[in-house]
Structures are given as structure tokens and as C-alpha cells.
Amino acid sequence: MNTIWSTYVQNIGTLYDSRSLRFSDFFQSKYKEIFEIEDKKKILEIGCGPGAFAESLSRWYRNAEIFGMDRDSNFITFASKKAPQVHFSEGDATELPFEEESFDVTISNTVVEHIEPSKFYGEQYRVLKENGVCLVLSARKGINISAPCIMEESDYEKEIWQRAEKFYDQTREKYKICAYPQNEAEIPLNMEKYGFKNVTTEYVTVNLTPDNPIYPKEMAHAMINANRQGDLDSIESLLHVAGDVVTESEVEELKRLVNAKYDKRLALYDEGVKQWDTNMSVTMIVRGIK
Ligand SMILES: C[S@@+](CC[C@H](N)C(=O)[O-])C[C@H]1O[C@@H](n2cnc3c(N)ncnc32)[C@H](O)[C@@H]1O
């Protein structure tokens, strides 16, 4: 039973909501054009977290069998309930619990920087069939601008976050989060180094700006609420990473303040008062062939 990631690093809600938007059907053609795996039958997602991307893949590739694996038990329990059509299982990406040459595609999103490269690529190479496709998605620097009504922070809030700050750095070190950072050249270089051929790089941008009129109301609300969930999860995790210096009642008060701000943000959206907050993600997609 391993629950480190979902407890100390990123909660289920934060990952599920943000990925459901980033891999929403609204953007599927951007990804599918680059993936080029239309005819593939067995797809394995490595480090699938709570499963939002695998769920999207199961809609985008209806003739394929989708598998998702992750080390965190909470993610796998959640994902299995949300998307029973996907075969989710617990496991370690450095020792994939699958036979040699059993998949046509391996794919991962924001996992490459957490796993030692010879193991990360070596294990995917092993489980891929001849001519199988390895797809590595990596989040690069995007643009993140909060709504003015959400940015306003009271001295009370500032003081608590300052108190907790150093504990976050300690957590990253303790659990080896992002222990293998790689830049935009190093990811494809490593993919080649560990045996993949015909390596290509592409980028997909996803512009999540609720006030942009191209988005229907339901999607704009989902964008605002995904940010809300991320902020609430960060507050909740204070008790795990900085439990010695932050009390439960402070956490409850922070949540109340944040919820009030997001309720206001939603009300402004509904009234047509623009805030132009934006979350523009840039995803690098590195593709190679066994
Ligand atoms: C940044 S999260 C991304 C999760 C998911 N791909 C997404 O985009 O929502 C990194 C994930 O990698 C998983 N992970 C890290 N090291 C792993 C390992 N050695 N084996 C399996 N999963 C691992 C974590 O549990 C976590 O779910």
C-alpha cells in the first residue's frame, strides 16, 4: 500500500480535474494528430495517477484496450471506479508488472522527470512489441494567471503560507519528487540513448481561459472549479506536510476563505464580468519507435 504521492504531493482531485480539462475531447484532435496510434490495439499508460488521461484515451481509441498503472494505491482505487473500462493496476514503473513485447503503445504524462531514465525507457522498451510506439508527454513552462478576485490574499493567509513554505521543499527532497529533471533536448536524447528510433518532438498548447467565449459555460465553470480544487487540496495537504506548524482550525479557515473567493469568481462569470484568468499549458510530446 503506497499512498505517498496522493498524500504529500498531489491529491486525487487536483490531478483528476486538471487532466480532465487538459485532455478534454475539446482538444483531442491536437493530440491524436501527433500520437499517430489509430491502428494500435494495446495501450499502456505509465504513472497514470487518478486516471483522467487513460479515461480520455479510452474514448479517443474505442477499438483499443487501455491499461493504466501507478505506484499509488489511492489513485488506482479511484481510477478503477471512475473508468471501469480501463484495466488499472498498481505497480512500479522501474519494474513493470507486464510480459515482454505485450503492448503496441506506452504513454505517460508528467512522469519522465520522476523516474531514473535507464529504467523509465528500459522497461517501456521491454514491454513494447517490435515497432511499438513510446509517447512521453512532459509539461513545460506555461502561463498561469489568477483572477484578480482570487489573487487578493489577507495577511492571515500570507502568514500561514510563509510558515509552511520550507516544509514543501523538504517533502520534495524526501520523496524524490522531480529527481530527474530533463530539458527539451534531454528528453529526446534519452529516448534515443535507450534504443528508440525515429524520435520526433512536438508541442501542444491548451488555453484554459474561462472568459474566452469559445468555451461553453459548463467548461468555463469546470476550469474555475479545477483551480478551486487545486487550491483546496494544497490547503488540505498543509496538515500532512506542515502538520507541526499549522493547525486544523487554520486549515478550515483557509478553506472557507478560498471557497468564498471561488464562489465570487463563478458569480462574476455568470454575470458576464470578465476576469481573464488563464491557465495555458504547454505539453511537449516526444515520440519514438522500438
Ligand atoms: C505528476 S504525477 C502525474 C500523474 C498522471 N500521469 C497525470 O498526469 O495526472 C506523477 C505520477 O507518477 C507516479 N509515479 C512516480 N514514480 C513512479 C514509479 N516508480 N512507478 C509508478 N508510478 C510512479 C506517481 O504516483 C504519480 O501518480
# chains A, B, ... in the order shown; residues from 1 in each chain; ligands from 1
$ select_by_dssp --residues "region 106-286 of chain A" --states "alpha helix (DSSP H)" --output "MDAnalysis selection string"
chainID A and resid 117:127 148:151 155:174 186:193 217:241 248:271
$ residues_near_ligand --ligand "ligand 1" --cutoff "9 Å" --atoms "only C-alpha atoms and all ligand atoms" --output "number ranges by chain"
A: 2-6, 9-10, 12, 14-20, 45-54, 69-73, 75, 90-96, 108-116, 120, 137, 176-178
$ write_last_selection --atoms "N, CA and C atoms" --output "compact mmCIF listing (two decimals), in the first residue's frame"
# COMPACT_ATOMS: atom_id res chain seq x y z
N ASN A 2 0.94 1.94 -1.11
CA ASN A 2 1.76 3.14 -1.22
C ASN A 2 0.82 4.32 -1.52
N THR A 3 0.81 5.31 -0.64
CA THR A 3 -0.08 6.45 -0.86
C THR A 3 0.69 7.77 -0.74
N ILE A 4 1.99 7.71 -1.02
CA ILE A 4 2.83 8.89 -0.81
C ILE A 4 2.43 10.05 -1.73
N TRP A 5 2.28 9.75 -3.02
CA TRP A 5 2.01 10.84 -3.96
C TRP A 5 0.68 11.53 -3.66
N SER A 6 -0.36 10.70 -3.46
CA SER A 6 -1.69 11.29 -3.25
C SER A 6 -1.80 12.00 -1.90
N VAL A 9 2.03 14.90 -2.24
CA VAL A 9 2.47 15.64 -3.43
C VAL A 9 1.29 16.27 -4.18
N GLN A 10 0.43 15.46 -4.75
CA GLN A 10 -0.74 16.00 -5.46
C GLN A 10 -1.94 15.12 -5.12
N ILE A 12 -5.87 13.56 -5.32
CA ILE A 12 -6.66 12.99 -6.41
C ILE A 12 -7.39 14.09 -7.18
N THR A 14 -6.96 17.35 -7.48
CA THR A 14 -6.12 18.27 -8.25
C THR A 14 -5.74 17.65 -9.59
N LEU A 15 -5.25 16.40 -9.54
CA LEU A 15 -4.80 15.77 -10.78
C LEU A 15 -5.97 15.42 -11.67
N TYR A 16 -7.03 14.86 -11.09
CA TYR A 16 -8.15 14.40 -11.93
C TYR A 16 -8.80 15.58 -12.66
N ASP A 17 -9.08 16.65 -11.92
CA ASP A 17 -9.78 17.78 -12.54
C ASP A 17 -8.91 18.49 -13.58
N SER A 18 -7.63 18.70 -13.25
CA SER A 18 -6.79 19.44 -14.21
C SER A 18 -6.56 18.61 -15.47
N ARG A 19 -6.38 17.31 -15.32
CA ARG A 19 -6.13 16.46 -16.50
C ARG A 19 -7.41 16.24 -17.31
N SER A 20 -8.56 16.20 -16.63
CA SER A 20 -9.81 16.03 -17.39
C SER A 20 -9.99 17.20 -18.36
N GLU A 45 -0.66 3.12 -20.12
CA GLU A 45 -0.23 4.40 -19.56
C GLU A 45 0.57 4.15 -18.28
N ILE A 46 1.78 4.70 -18.24
CA ILE A 46 2.69 4.55 -17.09
C ILE A 46 2.47 5.73 -16.13
N GLY A 47 2.35 5.48 -14.84
CA GLY A 47 2.17 6.57 -13.86
C GLY A 47 0.89 7.34 -14.14
N CYS A 48 -0.21 6.59 -14.21
CA CYS A 48 -1.48 7.16 -14.70
C CYS A 48 -2.18 8.05 -13.67
N GLY A 49 -1.67 8.08 -12.41
CA GLY A 49 -2.35 8.89 -11.39
C GLY A 49 -3.81 8.47 -11.26
N PRO A 50 -4.72 9.42 -11.00
CA PRO A 50 -6.14 9.04 -10.84
C PRO A 50 -6.88 8.75 -12.14
N GLY A 51 -6.16 8.70 -13.26
CA GLY A 51 -6.72 8.07 -14.46
C GLY A 51 -7.45 8.92 -15.47
N ALA A 52 -7.42 10.25 -15.34
CA ALA A 52 -8.19 11.08 -16.27
C ALA A 52 -7.70 10.94 -17.72
N PHE A 53 -6.39 10.84 -17.91
CA PHE A 53 -5.84 10.73 -19.28
C PHE A 53 -6.21 9.37 -19.88
N ALA A 54 -6.06 8.30 -19.09
CA ALA A 54 -6.42 6.97 -19.58
C ALA A 54 -7.90 6.93 -19.96
N MET A 69 -1.21 2.08 -15.13
CA MET A 69 -0.54 1.59 -13.92
C MET A 69 0.09 2.75 -13.17
N ASP A 70 0.11 2.62 -11.83
CA ASP A 70 0.72 3.64 -10.98
C ASP A 70 1.11 2.98 -9.66
N ARG A 71 2.05 3.64 -8.96
CA ARG A 71 2.53 3.10 -7.69
C ARG A 71 1.60 3.46 -6.54
N ASP A 72 0.77 4.48 -6.73
CA ASP A 72 -0.04 4.99 -5.61
C ASP A 72 -1.40 4.27 -5.54
N SER A 73 -1.65 3.61 -4.42
CA SER A 73 -2.87 2.79 -4.27
C SER A 73 -4.15 3.63 -4.33
N PHE A 75 -4.73 6.35 -5.99
CA PHE A 75 -5.03 6.71 -7.39
C PHE A 75 -5.69 5.54 -8.11
N GLU A 90 -1.81 -1.54 -9.79
CA GLU A 90 -0.70 -0.94 -9.04
C GLU A 90 0.61 -1.56 -9.50
N GLY A 91 1.66 -0.77 -9.51
CA GLY A 91 2.95 -1.33 -9.89
C GLY A 91 4.02 -0.26 -9.92
N ASP A 92 5.25 -0.71 -10.13
CA ASP A 92 6.39 0.21 -10.15
C ASP A 92 6.91 0.29 -11.59
N ALA A 93 7.04 1.52 -12.08
CA ALA A 93 7.47 1.72 -13.47
C ALA A 93 8.91 1.28 -13.69
N THR A 94 9.68 1.12 -12.61
CA THR A 94 11.07 0.67 -12.78
C THR A 94 11.14 -0.86 -12.89
N GLU A 95 9.99 -1.48 -12.73
CA GLU A 95 9.90 -2.95 -12.81
C GLU A 95 8.48 -3.29 -13.25
N LEU A 96 8.17 -2.97 -14.49
CA LEU A 96 6.78 -3.07 -14.95
C LEU A 96 6.23 -4.49 -14.80
N SER A 108 2.94 8.24 -21.28
CA SER A 108 2.98 8.78 -19.92
C SER A 108 2.86 10.30 -19.98
N ASN A 109 2.31 10.87 -18.93
CA ASN A 109 2.20 12.33 -18.85
C ASN A 109 2.79 12.81 -17.52
N THR A 110 3.78 13.69 -17.61
CA THR A 110 4.48 14.25 -16.43
C THR A 110 4.98 13.18 -15.46
N VAL A 111 5.64 12.18 -16.04
CA VAL A 111 6.20 11.11 -15.22
C VAL A 111 7.72 11.00 -15.46
N VAL A 112 8.16 11.38 -16.67
CA VAL A 112 9.55 11.18 -17.08
C VAL A 112 10.55 11.78 -16.09
N GLU A 113 10.17 12.91 -15.47
CA GLU A 113 11.12 13.61 -14.58
C GLU A 113 11.23 12.97 -13.19
N HIS A 114 10.41 11.94 -12.94
CA HIS A 114 10.41 11.33 -11.60
C HIS A 114 11.10 9.97 -11.56
N ILE A 115 11.47 9.43 -12.73
CA ILE A 115 11.98 8.06 -12.76
C ILE A 115 13.34 8.01 -13.47
N GLU A 116 14.25 7.26 -12.93
CA GLU A 116 15.61 7.18 -13.48
C GLU A 116 15.52 6.75 -14.96
N PHE A 120 13.19 4.00 -16.77
CA PHE A 120 11.96 4.52 -17.38
C PHE A 120 11.85 4.04 -18.83
N LEU A 137 4.89 12.47 -22.64
CA LEU A 137 4.34 13.83 -22.55
C LEU A 137 4.93 14.51 -21.32
N LYS A 176 11.83 12.25 -3.29
CA LYS A 176 12.48 12.25 -4.62
C LYS A 176 11.53 12.70 -5.73
N ILE A 177 10.81 13.80 -5.46
CA ILE A 177 9.91 14.34 -6.48
C ILE A 177 10.76 15.12 -7.47
N CYS A 178 10.57 14.85 -8.74
CA CYS A 178 11.32 15.53 -9.80
C CYS A 178 12.84 15.34 -9.60
$ select_by_dssp --residues "region 9-254 of chain A" --states "strand (DSSP E or B)" --output "VMD selection string"
chain A and resid 42 to 46 65 to 70 87 to 90 92 95 103 to 109 128 to 145 197 to 208
$ write_last_selection --atoms "C-alpha atoms" --output "tab-separated table (two decimals), in the first residue's frame"
chain	number	residue	atom	x	y	z
A	42	LYS	CA	-2.99	-2.35	-26.65
A	43	ILE	CA	-2.01	0.90	-24.93
A	44	LEU	CA	-0.32	1.16	-21.51
A	45	GLU	CA	-0.23	4.40	-19.56
A	46	ILE	CA	2.69	4.55	-17.09
A	65	GLU	CA	-7.62	-1.96	-24.90
A	66	ILE	CA	-6.33	0.64	-22.43
A	67	PHE	CA	-4.18	-0.22	-19.40
A	68	GLY	CA	-3.09	2.19	-16.67
A	69	MET	CA	-0.54	1.59	-13.92
A	70	ASP	CA	0.72	3.64	-10.98
A	87	HIS	CA	-7.52	-2.01	-16.81
A	88	PHE	CA	-5.87	-0.21	-13.90
A	89	SER	CA	-3.26	-1.84	-11.67
A	90	GLU	CA	-0.70	-0.94	-9.04
A	92	ASP	CA	6.39	0.21	-10.15
A	95	GLU	CA	9.90	-2.95	-12.81
A	103	PHE	CA	1.93	-3.59	-25.77
A	104	ASP	CA	1.66	-1.63	-29.01
A	105	VAL	CA	1.96	1.74	-27.24
A	106	THR	CA	3.36	3.02	-23.95
A	107	ILE	CA	2.43	6.54	-22.94
A	108	SER	CA	2.98	8.78	-19.92
A	109	ASN	CA	2.20	12.33	-18.85
A	128	LEU	CA	6.69	-2.87	-26.21
A	129	LYS	CA	6.26	-5.06	-29.29
A	130	GLU	CA	8.58	-4.60	-32.27
A	131	ASN	CA	7.67	-1.26	-33.95
A	132	GLY	CA	5.69	-0.29	-30.85
A	133	VAL	CA	5.31	3.43	-30.10
A	134	CYS	CA	6.65	5.17	-26.99
A	135	LEU	CA	4.99	8.52	-26.23
A	136	VAL	CA	6.36	10.76	-23.49
A	137	LEU	CA	4.34	13.83	-22.55
A	138	SER	CA	6.02	16.45	-20.42
A	139	ALA	CA	4.57	19.70	-19.06
A	140	ARG	CA	6.77	22.67	-19.97
A	141	LYS	CA	6.60	26.24	-18.77
A	142	GLY	CA	3.13	27.64	-19.43
A	143	ILE	CA	1.24	30.74	-18.34
A	144	ASN	CA	-0.76	30.81	-15.14
A	145	ILE	CA	-2.63	33.99	-14.20
A	197	LYS	CA	14.30	5.13	-33.31
A	198	ASN	CA	12.66	7.83	-35.46
A	199	VAL	CA	12.29	10.11	-32.44
A	200	THR	CA	10.25	13.26	-33.01
A	201	THR	CA	9.22	16.20	-30.80
A	202	GLU	CA	6.02	18.23	-30.93
A	203	TYR	CA	4.19	20.66	-28.62
A	204	VAL	CA	0.52	21.05	-27.80
A	205	THR	CA	-0.80	24.19	-26.15
A	206	VAL	CA	-4.10	24.20	-24.29
A	207	ASN	CA	-5.51	27.58	-23.41
A	208	LEU	CA	-7.87	27.33	-20.45
$ residues_around --residues "region 225-231 of chain A" --least-positions-apart "2" --cutoff "10 Å" --atoms "only C-alpha atoms" --output "JSON, numbers by chain"
{"A": [10, 11, 12, 13, 14, 15, 16, 17, 18, 19, 20, 21, 146, 150, 219, 220, 221, 222, 223, 233, 234, 235, 236, 237, 254, 255, 258, 259, 261, 262, 263, 265, 266, 279]}
$ write_last_selection --atoms "N, CA and C atoms" --output "short mmCIF file (atom, residue, chain, number, x, y, z; two decimals), in the first residue's frame"
data_model
loop_
_atom_site.label_atom_id
_atom_site.label_comp_id
_atom_site.auth_asym_id
_atom_site.auth_seq_id
_atom_site.Cartn_x
_atom_site.Cartn_y
_atom_site.Cartn_z
N GLN A 10 0.43 15.46 -4.75
CA GLN A 10 -0.74 16.00 -5.46
C GLN A 10 -1.94 15.12 -5.12
N ASN A 11 -3.02 15.76 -4.71
CA ASN A 11 -4.20 14.98 -4.32
C ASN A 11 -4.96 14.50 -5.56
N ILE A 12 -5.87 13.56 -5.32
CA ILE A 12 -6.66 12.99 -6.41
C ILE A 12 -7.39 14.09 -7.18
N GLY A 13 -8.09 14.96 -6.45
CA GLY A 13 -8.93 15.99 -7.10
C GLY A 13 -8.12 16.92 -7.99
N THR A 14 -6.96 17.35 -7.48
CA THR A 14 -6.12 18.27 -8.25
C THR A 14 -5.74 17.65 -9.59
N LEU A 15 -5.25 16.40 -9.54
CA LEU A 15 -4.80 15.77 -10.78
C LEU A 15 -5.97 15.42 -11.67
N TYR A 16 -7.03 14.86 -11.09
CA TYR A 16 -8.15 14.40 -11.93
C TYR A 16 -8.80 15.58 -12.66
N ASP A 17 -9.08 16.65 -11.92
CA ASP A 17 -9.78 17.78 -12.54
C ASP A 17 -8.91 18.49 -13.58
N SER A 18 -7.63 18.70 -13.25
CA SER A 18 -6.79 19.44 -14.21
C SER A 18 -6.56 18.61 -15.47
N ARG A 19 -6.38 17.31 -15.32
CA ARG A 19 -6.13 16.46 -16.50
C ARG A 19 -7.41 16.24 -17.31
N SER A 20 -8.56 16.20 -16.63
CA SER A 20 -9.81 16.03 -17.39
C SER A 20 -9.99 17.20 -18.36
N LEU A 21 -9.54 18.39 -17.93
CA LEU A 21 -9.63 19.56 -18.81
C LEU A 21 -8.54 19.53 -19.88
N SER A 146 -3.92 34.16 -12.15
CA SER A 146 -5.14 34.02 -11.34
C SER A 146 -6.09 35.17 -11.60
N ILE A 150 -9.29 36.43 -7.00
CA ILE A 150 -8.74 35.30 -6.24
C ILE A 150 -7.34 35.60 -5.72
N MET A 219 -17.94 24.24 -19.38
CA MET A 219 -16.48 24.04 -19.39
C MET A 219 -15.79 25.19 -18.64
N ALA A 220 -16.32 26.40 -18.79
CA ALA A 220 -15.74 27.54 -18.07
C ALA A 220 -15.87 27.31 -16.56
N HIS A 221 -17.03 26.84 -16.13
CA HIS A 221 -17.22 26.54 -14.70
C HIS A 221 -16.24 25.45 -14.25
N ALA A 222 -16.05 24.44 -15.11
CA ALA A 222 -15.13 23.34 -14.76
C ALA A 222 -13.71 23.89 -14.59
N MET A 223 -13.32 24.86 -15.43
CA MET A 223 -11.97 25.44 -15.32
C MET A 223 -11.82 26.15 -13.98
N ASP A 233 -6.96 21.47 -2.25
CA ASP A 233 -6.07 20.33 -1.98
C ASP A 233 -4.74 20.80 -1.40
N SER A 234 -4.24 21.95 -1.89
CA SER A 234 -2.97 22.47 -1.34
C SER A 234 -3.16 22.80 0.14
N ILE A 235 -4.32 23.36 0.45
CA ILE A 235 -4.58 23.70 1.86
C ILE A 235 -4.67 22.43 2.70
N GLU A 236 -5.42 21.46 2.19
CA GLU A 236 -5.58 20.19 2.92
C GLU A 236 -4.22 19.53 3.17
N SER A 237 -3.33 19.62 2.16
CA SER A 237 -2.04 18.93 2.30
C SER A 237 -1.15 19.62 3.33
N LEU A 254 -8.75 28.69 6.20
CA LEU A 254 -8.19 28.95 4.85
C LEU A 254 -9.15 28.43 3.78
N LYS A 255 -9.69 27.24 4.00
CA LYS A 255 -10.61 26.65 3.01
C LYS A 255 -11.85 27.53 2.84
N VAL A 258 -10.95 30.55 0.78
CA VAL A 258 -10.74 30.21 -0.64
C VAL A 258 -12.08 29.89 -1.33
N ASN A 259 -12.93 29.15 -0.64
CA ASN A 259 -14.24 28.83 -1.24
C ASN A 259 -15.03 30.10 -1.54
N LYS A 261 -13.85 33.02 -2.27
CA LYS A 261 -13.28 33.69 -3.45
C LYS A 261 -13.74 33.01 -4.74
N TYR A 262 -13.74 31.68 -4.74
CA TYR A 262 -14.15 30.98 -5.96
C TYR A 262 -15.65 31.11 -6.22
N ASP A 263 -16.44 31.19 -5.14
CA ASP A 263 -17.88 31.41 -5.34
C ASP A 263 -18.08 32.76 -6.02
N ARG A 265 -15.86 34.24 -7.93
CA ARG A 265 -15.37 34.13 -9.31
C ARG A 265 -16.46 33.56 -10.22
N LEU A 266 -17.15 32.52 -9.73
CA LEU A 266 -18.23 31.91 -10.52
C LEU A 266 -19.36 32.91 -10.75
N ASN A 279 -4.98 29.69 -17.76
CA ASN A 279 -4.03 28.62 -17.49
C ASN A 279 -3.69 28.03 -18.85
#
$ atom_distance --atom1 "CA of Tyr61 (chain A)" --atom2 "CA of Ser24 (chain A)"
13.8 Å
$ atom_distance --atom1 "CA of Lys40 (chain A)" --atom2 "CA of Ala64 (chain A)"
6.5 Å
